[in-house]
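To start, the structure under review is shown below, and the notes come after it.
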Amino acid sequence: MNRWYLAPGSILAFVVLALVLGAVQPATAAVQAQLESTSLEVGDRVTVSGQIEPGQDLYIAVASKNMFAPEDAKGVNEIKSFRSAVESHPFDMNTRVPHLFYILTNTPQEFGTITKKRFGGPSFANGIYSTTMFNLADYSDLSAEAKSVLGPITNKAKWSFFRYNHENAYGINTVTKERTQVGKVTIFSRSVLTDHEKSGNYWDEGTKVDLNKETGKFTASFESFRHSPPDTEFNVYVNGQEIGTYTLAGKGFWLDLGGRYMNPIWIIIGAIIIGAFVSLIGASGGMLMAAYQVMVVNTMGPVGINAANVLRPSNVALTLFSPLGSFYRYAVKERRVAWPVGFSFGIGILIGSIWLGKYVTAYLPMSSYKEWLAVLVVIMGIRTVYEMTPRVMEKRKNIKAMTQKFNEEVAKAKAEGRAAKMGSIEPVKSGLTNYQFKFWGEEFKINPLLFGVIGLVIGIVARCFGIGGGFLLVPIMTMFGGLPMYVAVPVGLLGTCFSSIGAFIGYLANGYLPDLWIAIAIIIGGFAGGVIGSRMQSLFTEKQLKWMLAIVLFFLFFRFFKIEIWI
């Protein structure tokens, strides 16, 4: 009879080997888990339940099947930004991670710590607001067990790129597209989640983690990202073991490049309001529409394209079509456009934004000086308010006399039940450096060549800072040109049209397109708003229009300095 025989030494070695393998066995043993549903809609609750080994902690990794690496970026600016990030972070251009990734656990401290976060305000203030955020740990600080339950994130480079996408503003706005916010300010993106009733953290809201460590039974759920792209598929891992997949179907009207579910009617309504306001004061259509897109539409863009490079080309639709909506009344019916000044402005803006701005941007990082632009804006706002004082009005007798005549016309029109007449521009003398005209019988003089040079500078600033520059046009015309708002606004709108054309050409040259439906909605709303605003201007006095302009300038000051007082 053959007997299988092991020497005592072999038995001892076998026992030791078994103990070692047991010690390094990841937390995947005896996992029995399932998804409550595998077909959901965006925003629905994802629920996983089952049983793990008694005494173990729970780690559920949820990863989108769609992966992204820096080398996948298509935009010129995105490629440049990722190459710069690679130089200072421990990941490379081919490091690929899920663009949406979550960890649900009863022990979030295994993956990072809660830290204080300061934000907002100028750069020298180091943040004027305070909140908290979940700061992901370095890969080297993760335990062996934590590293074993991360699903597709299998090494230091992938974890580092995951951290970058969830904690760096550029990574959030380019890859993740899901923002954890305080008010309307992005702090970080959801990553590690735990039971909200136990933690009380704002980023855990909507998350439930129920684990009985004695039996190993658990149920965990969280609210899926409301703006996940339609038909996004996710893999789910429980303690390192893949247990299934689910799909999020779309819910609502999806904006392909906007990266959001949004009924275009709301965009049309916003564009009508902003377009009408812009036609009243002739400035800041792009900035105000950008604020609306950030705060209401939440335009984010597709994975791999930074949100700003979808938002800005879309805004051009408003700064181009809102003036077009008002031109019939301003230019044709009321003849209130000082064409020589408008064209000199426009040509200067085109040259500055399309040609010279390109070289200035390449050699001088003007974006780092945006706070100086904020200082310029607030000075303009203060100066605009100062211009309404009796002392200044006494010096500008032509504007004072014009205002008095217009007010008399408004009072007469109300008494007769008709619309007030706005008056027309009557050219007196035209020249390259001297353009004179009459408005309401009062004579005004302006230098078209000088304003062409000013337009050149504004075009360079617009290209360097990624803004329209319209908010600089009208204040400069009222302060340095001494023009009344009723004349400055139409010229400012004409200059804005040229600026918009230059900006759009620049976006196309770099391969950036607007979201089709956002652009269509803004075109419709902006044009309608322009028509409405041009009809409404006769309802406001010179002083009221300047107050509106001053308020917008102060608003932009707060935006540029990141003083979000409305949050």
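If you're wondering about the labels, chains in the structure tokens are A, B, ... by order shown, residues count from 1 in each chain, ligands from 1 in order shown.
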Point to revise | Who sits within 8 Å of A:Arg96, only C-alpha atoms, same chain under 4 positions skipped, as a PyMOL selection string | key: chain A and resi 67-70+158
Practice item. Name all residues at most 9 Å from A:Ile524 (count only C-alpha atoms; drop same-chain ones fewer than 5 positions away) and give them as JSON, numbers by chain. Key: {"A": [268, 271, 272, 318, 321, 519, 529]}
List as a Markdown table every residue of stretch 169-212 of chain A that is in contact with stretch 219-243 of chain A, defined as an atom at most 9 Å from one of its atoms (using only C-alpha atoms), together with the nearest atom pair and the distance in Å rounded to one decimal, sorted by chain and then rising number.
```
| residue | atom | partner | partner_atom | distance |
| --- | --- | --- | --- | --- |
| A:Lys177 | CA | A:His227 | CA | 8.4 |
| A:Glu178 | CA | A:Phe225 | CA | 7.1 |
| A:Leu193 | CA | A:Phe222 | CA | 8.4 |
| A:Thr194 | CA | A:Ala220 | CA | 9.0 |
| A:Asp195 | CA | A:Ala220 | CA | 8.5 |
| A:Asp204 | CA | A:Phe222 | CA | 8.5 |
| A:Glu205 | CA | A:Phe222 | CA | 8.4 |
| A:Gly206 | CA | A:Phe222 | CA | 5.6 |
| A:Thr207 | CA | A:Phe222 | CA | 4.2 |
| A:Lys208 | CA | A:Ser221 | CA | 5.2 |
| A:Val209 | CA | A:Ala220 | CA | 4.4 |
| A:Asp210 | CA | A:Thr219 | CA | 5.3 |
| A:Leu211 | CA | A:Thr219 | CA | 6.6 |
```
Review point. Counting only C-alpha atoms, what is within 10 Å of A:Cys497, bar same-chain residues fewer than 4 positions away, as a PyMOL selection string?
Key: chain A and resi 316-324+346+349-350+468+470+491-493+501-503
Review point. When distances are computed from only C-alpha atoms, which of A:Asp138, A:Tyr59, A:Glu87, A:Ile351 shows the smallest separation from A:Val192?
Key: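 Looking at the shortest contact to A:Val192, the residue is A:Tyr59.
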**Study point:** alpha helix (DSSP H) call set, DSSP backbone run, stretch 187-259 of chain A, as a ChimeraX atom specification
**Key:** /A:196-199
Exercise for review: Find the spatial neighbours of A:Ile274, counting only C-alpha atoms, within a cut-off of 12 Å - ignore same-chain residues fewer than 2 positions away - and output them as a PyMOL selection string.
Suggested key: chain A and resi 267-272+276-293+315+318-319+321-323+522-523+525-533+552
Practice item. Any chance you could list, as a ChimeraX atom specification, the residues in stretch 356-490 of chain A that come up strand (DSSP E or B) when DSSP is run on the backbone? Key: /A:425-429,435-439,442-446
Dump as a PDB file, in the first residue's frame, selection limited to C-alpha atoms:
```pdb
ATOM      1  CA  ILE A 425     -26.576 112.205 -33.795  1.00  0.00           C
ATOM      2  CA  GLU A 426     -25.988 115.100 -36.213  1.00  0.00           C
ATOM      3  CA  PRO A 427     -22.408 115.002 -37.598  1.00  0.00           C
ATOM      4  CA  VAL A 428     -20.684 118.380 -37.689  1.00  0.00           C
ATOM      5  CA  LYS A 429     -17.122 117.482 -38.653  1.00  0.00           C
ATOM      6  CA  TYR A 435     -15.051 113.930 -34.920  1.00  0.00           C
ATOM      7  CA  GLN A 436     -17.670 116.480 -33.867  1.00  0.00           C
ATOM      8  CA  PHE A 437     -21.396 115.935 -33.646  1.00  0.00           C
ATOM      9  CA  LYS A 438     -24.507 117.331 -32.037  1.00  0.00           C
ATOM     10  CA  PHE A 439     -26.878 115.395 -29.801  1.00  0.00           C
ATOM     11  CA  GLU A 442     -25.388 120.013 -27.694  1.00  0.00           C
ATOM     12  CA  GLU A 443     -21.983 119.628 -29.360  1.00  0.00           C
ATOM     13  CA  PHE A 444     -19.543 116.837 -28.514  1.00  0.00           C
ATOM     14  CA  LYS A 445     -16.000 116.251 -29.738  1.00  0.00           C
ATOM     15  CA  ILE A 446     -13.975 113.028 -29.770  1.00  0.00           C
TER      16      ILE A 446
END
```
Point to revise | Of the listed residues A:Phe119, A:Tyr170, A:Phe134, A:Tyr386, that which approaches A:Phe82 most closely, counting only C-alpha atoms | key: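 The shortest atom-to-atom distance to A:Phe82 comes from A:Tyr170.
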Write out as a compact mmCIF listing (two decimals) with C-alpha atoms, in the first residue's frame each polymer residue whose atoms come within 9 Å of A:Asp256, counting only C-alpha atoms; drop sequence neighbours fewer than 2 positions from it.
```txt
# COMPACT_ATOMS: atom_id res chain seq x y z
CA PRO A 229 -23.21 61.60 -18.96
CA TRP A 254 -28.41 66.66 -22.19
CA GLY A 258 -22.07 71.75 -21.82
CA GLY A 259 -21.86 68.53 -19.82
CA ARG A 260 -25.12 69.19 -18.00
CA GLY A 301 -17.92 70.61 -20.72
CA PRO A 302 -17.07 67.04 -21.79
CA ASP A 515 -22.16 73.82 -27.04
CA LEU A 516 -24.66 73.91 -29.93
CA TRP A 517 -27.81 74.10 -27.82
```
Check your understanding: Which is closest to A:Pro490 among A:Phe161, A:Tyr139, A:Trp339, A:Tyr261, if we use only C-alpha atoms?
Key -> A:Trp339
